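Have a look at run.pdb; it's PDB, C-alpha atoms, pLDDT in the B column:
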```
MODEL        1
ATOM      1  CA  MET A   1       7.829 -10.193 -10.079  1.00 85.00           C
ATOM      2  CA  ARG A   2       4.958 -11.471 -12.184  1.00 91.00           C
ATOM      3  CA  GLN A   3       3.822  -9.860 -15.441  1.00 91.00           C
ATOM      4  CA  ASN A   4       0.504 -10.747 -17.100  1.00 93.00           C
ATOM      5  CA  ILE A   5      -0.034  -9.549 -20.659  1.00 93.00           C
ATOM      6  CA  LEU A   6      -3.326  -7.751 -21.305  1.00 93.00           C
ATOM      7  CA  LEU A   7      -3.035  -6.683 -24.932  1.00 93.00           C
ATOM      8  CA  ARG A   8      -0.890  -7.676 -27.954  1.00 93.00           C
ATOM      9  CA  THR A   9      -0.780  -6.577 -31.582  1.00 92.00           C
ATOM     10  CA  LYS A  10      -2.232  -9.069 -34.049  1.00 91.00           C
ATOM     11  CA  LYS A  11       0.365  -8.563 -36.775  1.00 91.00           C
ATOM     12  CA  THR A  12       3.678  -8.539 -34.896  1.00 90.00           C
ATOM     13  CA  ASN A  13       2.581 -10.075 -31.569  1.00 91.00           C
ATOM     14  CA  ARG A  14       4.189  -7.103 -29.741  1.00 93.00           C
ATOM     15  CA  ILE A  15       3.045  -6.419 -26.161  1.00 93.00           C
ATOM     16  CA  LEU A  16       0.972  -3.225 -25.808  1.00 94.00           C
ATOM     17  CA  ALA A  17      -0.199  -3.412 -22.161  1.00 96.00           C
ATOM     18  CA  SER A  18       0.440  -5.584 -19.125  1.00 96.00           C
ATOM     19  CA  VAL A  19      -0.118  -5.700 -15.359  1.00 97.00           C
ATOM     20  CA  LEU A  20       2.621  -6.330 -12.800  1.00 96.00           C
ATOM     21  CA  GLY A  21       2.612  -7.661  -9.262  1.00 96.00           C
ATOM     22  CA  LYS A  22       5.095  -8.720  -6.624  1.00 96.00           C
ATOM     23  CA  VAL A  23       5.348  -9.390  -2.900  1.00 97.00           C
ATOM     24  CA  GLY A  24       8.337  -9.269  -0.606  1.00 96.00           C
ATOM     25  CA  ALA A  25       9.602  -9.450   2.946  1.00 97.00           C
ATOM     26  CA  GLY A  26      12.765  -8.401   4.734  1.00 96.00           C
ATOM     27  CA  ILE A  27      14.392  -7.259   7.946  1.00 96.00           C
ATOM     28  CA  VAL A  28      14.679  -3.650   9.171  1.00 93.00           C
ATOM     29  CA  VAL A  29      18.226  -2.693  10.216  1.00 92.00           C
ATOM     30  CA  PRO A  30      18.373   0.980  11.323  1.00 89.00           C
ATOM     31  CA  ARG A  31      21.286   3.090  12.557  1.00 88.00           C
ATOM     32  CA  SER A  32      20.913   6.587  13.977  1.00 86.00           C
ATOM     33  CA  GLU A  33      23.427   9.389  14.325  1.00 84.00           C
ATOM     34  CA  SER A  34      22.430  12.529  16.218  1.00 85.00           C
ATOM     35  CA  THR A  35      23.938  15.583  17.867  1.00 85.00           C
ATOM     36  CA  ALA A  36      22.394  17.359  20.857  1.00 84.00           C
ATOM     37  CA  VAL A  37      24.075  20.153  22.831  1.00 84.00           C
ATOM     38  CA  CYS A  38      27.405  19.498  21.063  1.00 83.00           C
ATOM     39  CA  LYS A  39      27.300  15.872  22.155  1.00 85.00           C
ATOM     40  CA  LYS A  40      27.311  13.228  19.427  1.00 84.00           C
ATOM     41  CA  LEU A  41      25.429   9.971  19.720  1.00 83.00           C
ATOM     42  CA  ASN A  42      26.253   7.241  17.214  1.00 81.00           C
ATOM     43  CA  ASN A  43      24.150   4.104  17.585  1.00 83.00           C
ATOM     44  CA  LYS A  44      25.249   0.792  16.111  1.00 88.00           C
ATOM     45  CA  TYR A  45      23.320  -1.194  13.504  1.00 90.00           C
ATOM     46  CA  HIS A  46      20.671  -3.436  15.049  1.00 89.00           C
ATOM     47  CA  VAL A  47      17.713  -5.558  13.918  1.00 92.00           C
ATOM     48  CA  ALA A  48      14.529  -3.655  14.794  1.00 90.00           C
ATOM     49  CA  GLY A  49      11.908  -5.884  13.155  1.00 94.00           C
ATOM     50  CA  TYR A  50      10.750  -6.995   9.748  1.00 95.00           C
ATOM     51  CA  ILE A  51       8.520  -5.780   6.925  1.00 96.00           C
ATOM     52  CA  ILE A  52       6.073  -7.400   4.506  1.00 97.00           C
ATOM     53  CA  SER A  53       5.114  -5.520   1.329  1.00 96.00           C
ATOM     54  CA  ALA A  54       3.183  -5.864  -1.928  1.00 97.00           C
ATOM     55  CA  GLU A  55       3.345  -3.920  -5.198  1.00 97.00           C
ATOM     56  CA  ALA A  56       1.010  -3.747  -8.211  1.00 97.00           C
ATOM     57  CA  GLY A  57       1.018  -1.690 -11.396  1.00 97.00           C
ATOM     58  CA  THR A  58       0.371  -1.372 -15.101  1.00 97.00           C
ATOM     59  CA  ARG A  59       2.810  -1.054 -17.969  1.00 96.00           C
ATOM     60  CA  ILE A  60       1.945   0.476 -21.370  1.00 97.00           C
ATOM     61  CA  TYR A  61       4.245   0.114 -24.387  1.00 95.00           C
ATOM     62  CA  PRO A  62       3.646   3.039 -26.812  1.00 94.00           C
ATOM     63  CA  LEU A  63       6.852   2.194 -28.759  1.00 93.00           C
ATOM     64  CA  LYS A  64       8.831  -0.981 -29.330  1.00 88.00           C
ATOM     65  CA  ASN A  65      11.667  -0.154 -26.870  1.00 91.00           C
ATOM     66  CA  PHE A  66       9.868   2.298 -24.549  1.00 96.00           C
ATOM     67  CA  PHE A  67       7.241   1.797 -21.834  1.00 96.00           C
ATOM     68  CA  LEU A  68       5.319   3.866 -19.271  1.00 97.00           C
ATOM     69  CA  GLU A  69       4.685   2.348 -15.855  1.00 97.00           C
ATOM     70  CA  ALA A  70       2.516   3.306 -12.863  1.00 97.00           C
ATOM     71  CA  ASN A  71       2.862   1.394  -9.564  1.00 97.00           C
ATOM     72  CA  VAL A  72       1.332   1.313  -6.099  1.00 98.00           C
ATOM     73  CA  LYS A  73       3.231  -0.142  -3.144  1.00 96.00           C
ATOM     74  CA  ALA A  74       2.120  -0.906   0.419  1.00 97.00           C
ATOM     75  CA  GLY A  75       4.028  -2.334   3.352  1.00 95.00           C
ATOM     76  CA  LEU A  76       3.435  -3.483   6.915  1.00 95.00           C
ATOM     77  CA  PRO A  77       6.357  -3.010   9.343  1.00 91.00           C
ATOM     78  CA  ILE A  78       6.326  -5.290  12.377  1.00 90.00           C
ATOM     79  CA  ILE A  79       8.532  -4.107  15.217  1.00 82.00           C
TER      80      ILE A  79
ENDMDL
END
```

Let me see the file written as C-alpha coordinates.
Amino acid sequence: MRQNILLRTKKTNRILASVLGKVGAGIVVPRSESTAVCKKLNNKYHVAGYIISAEAGTRIYPLKNFFLEANVKAGLPII
(Lines of atoms letter the chains of each structure in order from A and count residues from 1; the text may use other names and numbers.)
(Lines give C-alpha, C1' and ligand atoms only; values in the text may rest on other atoms or scores of the structure.)
Protein backbone atom coordinates (compact mmCIF):
# COMPACT_ATOMS: atom_id res chain seq x y z
CA MET A 1 0.00 0.00 0.00
CA ARG A 2 1.24 3.47 -0.86
CA GLN A 3 0.00 6.65 0.82
CA ASN A 4 0.74 10.12 -0.59
CA ILE A 5 0.01 13.09 1.65
CA LEU A 6 -2.03 15.88 0.05
CA LEU A 7 -2.53 18.33 2.90
CA ARG A 8 -0.89 19.01 6.30
CA THR A 9 -1.44 21.59 9.03
CA LYS A 10 1.21 24.30 9.22
CA LYS A 11 1.38 24.49 13.01
CA THR A 12 1.46 20.85 14.11
CA ASN A 13 2.37 19.16 10.80
CA ARG A 14 -0.63 16.81 11.24
CA ILE A 15 -1.94 15.03 8.13
CA LEU A 16 -5.36 16.29 6.98
CA ALA A 17 -5.83 14.46 3.64
CA SER A 18 -4.06 11.77 1.66
CA VAL A 19 -4.54 9.43 -1.31
CA LEU A 20 -3.99 5.67 -1.19
CA GLY A 21 -3.18 3.08 -3.83
CA LYS A 22 -2.25 -0.57 -4.03
CA VAL A 23 -2.09 -3.45 -6.48
CA GLY A 24 -2.21 -7.17 -5.88
CA ALA A 25 -2.40 -10.62 -7.41
CA GLY A 26 -3.33 -14.07 -6.17
CA ILE A 27 -4.73 -17.48 -6.97
CA VAL A 28 -8.43 -18.47 -6.95
CA VAL A 29 -9.13 -21.64 -4.95
CA PRO A 30 -12.88 -22.45 -4.94
CA ARG A 31 -14.81 -25.29 -3.31
CA SER A 32 -18.49 -25.97 -3.91
CA GLU A 33 -21.02 -27.88 -1.85
CA SER A 34 -24.49 -28.47 -3.28
CA THR A 35 -27.56 -30.62 -2.78
CA ALA A 36 -29.91 -31.67 -5.58
CA VAL A 37 -32.75 -34.18 -5.22
CA CYS A 38 -31.49 -35.22 -1.76
CA LYS A 39 -28.09 -36.03 -3.22
CA LYS A 40 -25.09 -34.14 -1.84
CA LEU A 41 -22.14 -33.14 -3.97
CA ASN A 42 -19.01 -31.97 -2.17
CA ASN A 43 -16.21 -30.88 -4.48
CA LYS A 44 -12.62 -30.66 -3.29
CA TYR A 45 -10.51 -27.50 -3.26
CA HIS A 46 -8.81 -26.85 -6.60
CA VAL A 47 -6.89 -24.04 -8.33
CA ALA A 48 -9.24 -22.43 -10.86
CA GLY A 49 -7.11 -19.49 -12.02
CA TYR A 50 -5.66 -16.26 -10.75
CA ILE A 51 -6.69 -12.65 -10.21
CA ILE A 52 -5.02 -9.25 -10.62
CA SER A 53 -6.53 -6.24 -8.82
CA ALA A 54 -5.94 -2.57 -8.06
CA GLU A 55 -7.36 -0.26 -5.38
CA ALA A 56 -7.36 3.53 -4.99
CA GLY A 57 -8.93 5.89 -2.46
CA THR A 58 -8.78 9.02 -0.36
CA ARG A 59 -8.42 9.42 3.38
CA ILE A 60 -9.53 12.51 5.33
CA TYR A 61 -8.49 13.10 8.95
CA PRO A 62 -11.09 15.34 10.69
CA LEU A 63 -9.62 14.51 14.14
CA LYS A 64 -6.20 13.47 15.38
CA ASN A 65 -7.05 9.76 15.89
CA PHE A 66 -9.99 9.39 13.47
CA PHE A 67 -10.18 9.23 9.67
CA LEU A 68 -12.79 8.76 6.93
CA GLU A 69 -11.86 6.69 3.90
CA ALA A 70 -13.47 6.05 0.50
CA ASN A 71 -12.02 3.37 -1.83
CA VAL A 72 -12.60 1.92 -5.28
CA LYS A 73 -11.39 -1.56 -6.18
CA ALA A 74 -11.27 -3.39 -9.52
CA GLY A 75 -10.07 -6.87 -10.39
CA LEU A 76 -9.51 -9.07 -13.43
CA PRO A 77 -10.00 -12.83 -12.90
CA ILE A 78 -8.20 -15.06 -15.38
CA ILE A 79 -9.52 -18.60 -15.51

Inset, instruction - One decimal, Å: what's the distance from atom CA of A:Ser18 over to atom CA of A:Asn4, could you say? - result: 5.5 Å

Legend entry - Atom-to-atom span, atom CA of A:Gln3 and atom CA of A:Pro77, Å: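 Computed distance, atom CA of A:Gln3 to atom CA of A:Pro77, equals 25.8 Å.
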
Inset, instruction - Point out the residue among A:Leu41, A:Val29, A:Ala70, A:Leu63 with the least atom-to-atom distance to A:Leu16, counting all atoms listed in the file. - result: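 Smallest separation from A:Leu16 among the options: A:Leu63.
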
Would you compute the box with edges along x, y and z of the file around stretch 67-70 of chain A, including every atom the file lists for it and 6 Å extra on each side, and give its centre and edge lengths in Å to one decimal, as AutoDock Vina command-line options?
```
--center_x 4.9 --center_y 2.8 --center_z -17.3 --size_x 16.7 --size_y 14.1 --size_z 21.0
```

Inset, instruction - Translate the PyMOL selection byres ((chain A and resi 50) around 6), as applied to the file shown, into an explicit residue set as an MDAnalysis selection string. - result: chainID A and resid 26:28 49 51 77:78

Legend entry - the PyMOL selection byres ((chain A and resi 1) around 12) resolved against shown file, as a PyMOL selection string: chain A and resi 2-4+19-24+54-57

Legend entry - Point-to-point distance from atom CA of A:Ile60 to atom CA of A:Ala17, Å rounded to tenths: 4.5 Å

Inset, instruction - Run the PyMOL selection byres ((chain A and resi 8) around 12) mentally over the shown coordinates, then write out the matched residues as number ranges by chain, using the chain letters and numbers from the document. - result: A: 4-7, 9-18, 60-62, 64

Inset, instruction - Rank A:Ile52, A:Thr58, A:Phe66, A:Tyr45 by their smallest atom-to-atom distance to A:Ile79, using only C-alpha atoms, and report the top residue only. - result: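 The closest residue to A:Ile79 is A:Ile52.
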
Legend entry - Counting all atoms listed in the file, the option among A:Glu69, A:Gly75, A:Ser32, A:Cys38 closest to A:Ser53: A:Gly75

Inset, instruction - Considering only C-alpha atoms, state which residue in the set A:Arg59, A:Pro30, A:Thr35, A:Asn71 is at the smallest distance from A:Val47. - result: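 Answer, going by the shortest atom-to-atom distance: A:Pro30.
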
Test item: residues at most 8 Å from A:Arg31, all atoms listed in the file, excluding those fewer than 3 positions along its chain, as a CSV table (one decimal) with C-alpha atoms, in the coordinates of the input:
```
chain,number,residue,atom,x,y,z
A,42,ASN,CA,26.3,7.2,17.2
A,43,ASN,CA,24.2,4.1,17.6
A,44,LYS,CA,25.2,0.8,16.1
A,45,TYR,CA,23.3,-1.2,13.5
A,46,HIS,CA,20.7,-3.4,15.0
```

How would stretch 49-65 of chain A read, as a PDB file, keeping the file's coordinate frame, once N, CA, C and O atoms are built in?
```
ATOM      1  N   GLY A  49      13.148  -5.202  13.506  1.00 94.00           N
ATOM      2  CA  GLY A  49      11.908  -5.884  13.155  1.00 94.00           C
ATOM      3  C   GLY A  49      11.972  -6.369  11.726  1.00 94.00           C
ATOM      4  O   GLY A  49      13.048  -6.528  11.154  1.00 94.00           O
ATOM      5  N   TYR A  50      10.800  -6.568  11.140  1.00 95.00           N
ATOM      6  CA  TYR A  50      10.750  -6.995   9.748  1.00 95.00           C
ATOM      7  C   TYR A  50       9.581  -6.323   9.048  1.00 95.00           C
ATOM      8  O   TYR A  50       8.745  -5.688   9.678  1.00 95.00           O
ATOM      9  N   ILE A  51       9.539  -6.443   7.726  1.00 96.00           N
ATOM     10  CA  ILE A  51       8.520  -5.780   6.925  1.00 96.00           C
ATOM     11  C   ILE A  51       8.011  -6.737   5.853  1.00 96.00           C
ATOM     12  O   ILE A  51       8.769  -7.546   5.322  1.00 96.00           O
ATOM     13  N   ILE A  52       6.713  -6.640   5.580  1.00 97.00           N
ATOM     14  CA  ILE A  52       6.073  -7.400   4.506  1.00 97.00           C
ATOM     15  C   ILE A  52       5.438  -6.382   3.570  1.00 97.00           C
ATOM     16  O   ILE A  52       4.771  -5.450   4.034  1.00 97.00           O
ATOM     17  N   SER A  53       5.648  -6.508   2.259  1.00 96.00           N
ATOM     18  CA  SER A  53       5.114  -5.520   1.329  1.00 96.00           C
ATOM     19  C   SER A  53       4.581  -6.178   0.059  1.00 96.00           C
ATOM     20  O   SER A  53       4.914  -7.314  -0.263  1.00 96.00           O
ATOM     21  N   ALA A  54       3.744  -5.419  -0.649  1.00 97.00           N
ATOM     22  CA  ALA A  54       3.183  -5.864  -1.928  1.00 97.00           C
ATOM     23  C   ALA A  54       3.163  -4.682  -2.884  1.00 97.00           C
ATOM     24  O   ALA A  54       3.031  -3.528  -2.464  1.00 97.00           O
ATOM     25  N   GLU A  55       3.313  -4.960  -4.177  1.00 97.00           N
ATOM     26  CA  GLU A  55       3.345  -3.920  -5.198  1.00 97.00           C
ATOM     27  C   GLU A  55       2.539  -4.380  -6.409  1.00 97.00           C
ATOM     28  O   GLU A  55       2.596  -5.546  -6.789  1.00 97.00           O
ATOM     29  N   ALA A  56       1.789  -3.449  -7.006  1.00 97.00           N
ATOM     30  CA  ALA A  56       1.010  -3.747  -8.211  1.00 97.00           C
ATOM     31  C   ALA A  56       1.064  -2.540  -9.132  1.00 97.00           C
ATOM     32  O   ALA A  56       1.197  -1.411  -8.689  1.00 97.00           O
ATOM     33  N   GLY A  57       0.962  -2.793 -10.443  1.00 97.00           N
ATOM     34  CA  GLY A  57       1.018  -1.690 -11.396  1.00 97.00           C
ATOM     35  C   GLY A  57       0.647  -2.122 -12.797  1.00 97.00           C
ATOM     36  O   GLY A  57       0.389  -3.285 -13.069  1.00 97.00           O
ATOM     37  N   THR A  58       0.634  -1.130 -13.683  1.00 97.00           N
ATOM     38  CA  THR A  58       0.371  -1.372 -15.101  1.00 97.00           C
ATOM     39  C   THR A  58       1.528  -0.838 -15.922  1.00 97.00           C
ATOM     40  O   THR A  58       2.202   0.113 -15.530  1.00 97.00           O
ATOM     41  N   ARG A  59       1.741  -1.461 -17.057  1.00 96.00           N
ATOM     42  CA  ARG A  59       2.810  -1.054 -17.969  1.00 96.00           C
ATOM     43  C   ARG A  59       2.224  -0.931 -19.367  1.00 96.00           C
ATOM     44  O   ARG A  59       1.600  -1.862 -19.862  1.00 96.00           O
ATOM     45  N   ILE A  60       2.432   0.215 -20.011  1.00 97.00           N
ATOM     46  CA  ILE A  60       1.945   0.476 -21.370  1.00 97.00           C
ATOM     47  C   ILE A  60       3.152   0.690 -22.276  1.00 97.00           C
ATOM     48  O   ILE A  60       4.064   1.438 -21.935  1.00 97.00           O
ATOM     49  N   TYR A  61       3.142   0.046 -23.427  1.00 95.00           N
ATOM     50  CA  TYR A  61       4.245   0.114 -24.387  1.00 95.00           C
ATOM     51  C   TYR A  61       3.810   0.929 -25.613  1.00 95.00           C
ATOM     52  O   TYR A  61       3.286   0.364 -26.571  1.00 95.00           O
ATOM     53  N   PRO A  62       4.031   2.261 -25.632  1.00 94.00           N
ATOM     54  CA  PRO A  62       3.646   3.039 -26.812  1.00 94.00           C
ATOM     55  C   PRO A  62       4.596   2.813 -27.999  1.00 94.00           C
ATOM     56  O   PRO A  62       4.192   2.936 -29.153  1.00 94.00           O
ATOM     57  N   LEU A  63       5.848   2.479 -27.726  1.00 93.00           N
ATOM     58  CA  LEU A  63       6.852   2.194 -28.759  1.00 93.00           C
ATOM     59  C   LEU A  63       7.469   0.826 -28.503  1.00 93.00           C
ATOM     60  O   LEU A  63       7.255   0.221 -27.447  1.00 93.00           O
ATOM     61  N   LYS A  64       8.242   0.354 -29.437  1.00 88.00           N
ATOM     62  CA  LYS A  64       8.831  -0.981 -29.330  1.00 88.00           C
ATOM     63  C   LYS A  64       9.791  -1.093 -28.136  1.00 88.00           C
ATOM     64  O   LYS A  64       9.756  -2.068 -27.402  1.00 88.00           O
ATOM     65  N   ASN A  65      10.656  -0.104 -27.924  1.00 91.00           N
ATOM     66  CA  ASN A  65      11.667  -0.154 -26.870  1.00 91.00           C
ATOM     67  C   ASN A  65      11.432   0.884 -25.775  1.00 91.00           C
ATOM     68  O   ASN A  65      12.374   1.340 -25.129  1.00 91.00           O
TER      69      ASN A  65
END
```
